[in-house]
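Here's the structure, in structure tokens; my notes come after.
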Amino acid sequence: MTMNDYMVEIILPKMFTPDFVELIPRQIHKVNELMLARKLTSYSLSADRSKVWVTVLAKSRFEAESIIAGFPIISFVNYTIHELAFHNALSLSFPQPSMN
């Protein structure tokens with residue numbers, strides 16, 4: 001089955017309560033885990049900290065939604081999912097060192 005790109009726009013709470021702030025380390029860990037698994041291809045926070053944009057690589061919209069539903073902060077936010085026709089990104093991975 002073909003993988004599709006989905007752009008997820010997450011609206012963060014206007015006020016960051018202590019309960020929300022407490023979840024941020026878990027959120028960062030989850031995002032890093034999903035990036036390493038190549039399920040997320042980008043994760044960006046707006047300068048005013050009101051929105052997050054996430055690019056998800058998934059087989060279906062349902063799968064993309066289930067990935068986002070696993071975010072620790074999910075009960076504090078609203079989001080919309082948009083299927084993308086394409087998503088171009090610069091890969092910043094480092095080459096493997098040569099052992100010679």
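In the structure tokens, each chain is lettered A, B, ... as it comes, each chain's residues begin at 1, and ligands are numbered from 1 in order of appearance.
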
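DSSP secondary structure from the backbone places Asn4, Asp5, Tyr6, Met7, Val8, Glu9, Ile10, Ile11, Leu40, Thr41, Ser42, Tyr43, Ser44, Leu45, Lys51, Val52, Trp53, Val54, Thr55, Val56, Leu57, Ala58, Asn78, Tyr79, Thr80, Ile81, His82 and Glu83 of chain A of chain A in strand (DSSP E).
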
Exercise for review: Find the residues around stretch 67-77 of chain A up to 10 Å (only C-alpha atoms counted), leave out those fewer than 4 positions away in its own chain, and share them as JSON, numbers by chain.
Suggested key: {"A": [8, 10, 11, 12, 13, 14, 16, 17, 19, 20, 21, 22, 23, 24, 25, 26, 27, 28, 29, 30, 31, 34, 39, 40, 51, 54, 56, 57, 58, 61, 62, 63, 81]}

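The space separating atom CA of A:Met3 from atom CA of A:Ala64 comes to 10.4 Å.
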
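The gap separating atom CA of A:Ser60 from atom CA of A:Met1 is 9.3 Å, in Å to one decimal.
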
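Distance-wise, atom CA of A:Leu90 and atom CA of A:Thr55 end up 13.4 Å apart.
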
Point to revise | alpha helix (DSSP H) call set, DSSP backbone run, chain A, as number ranges by chain | key: A: 18-36, 61-69
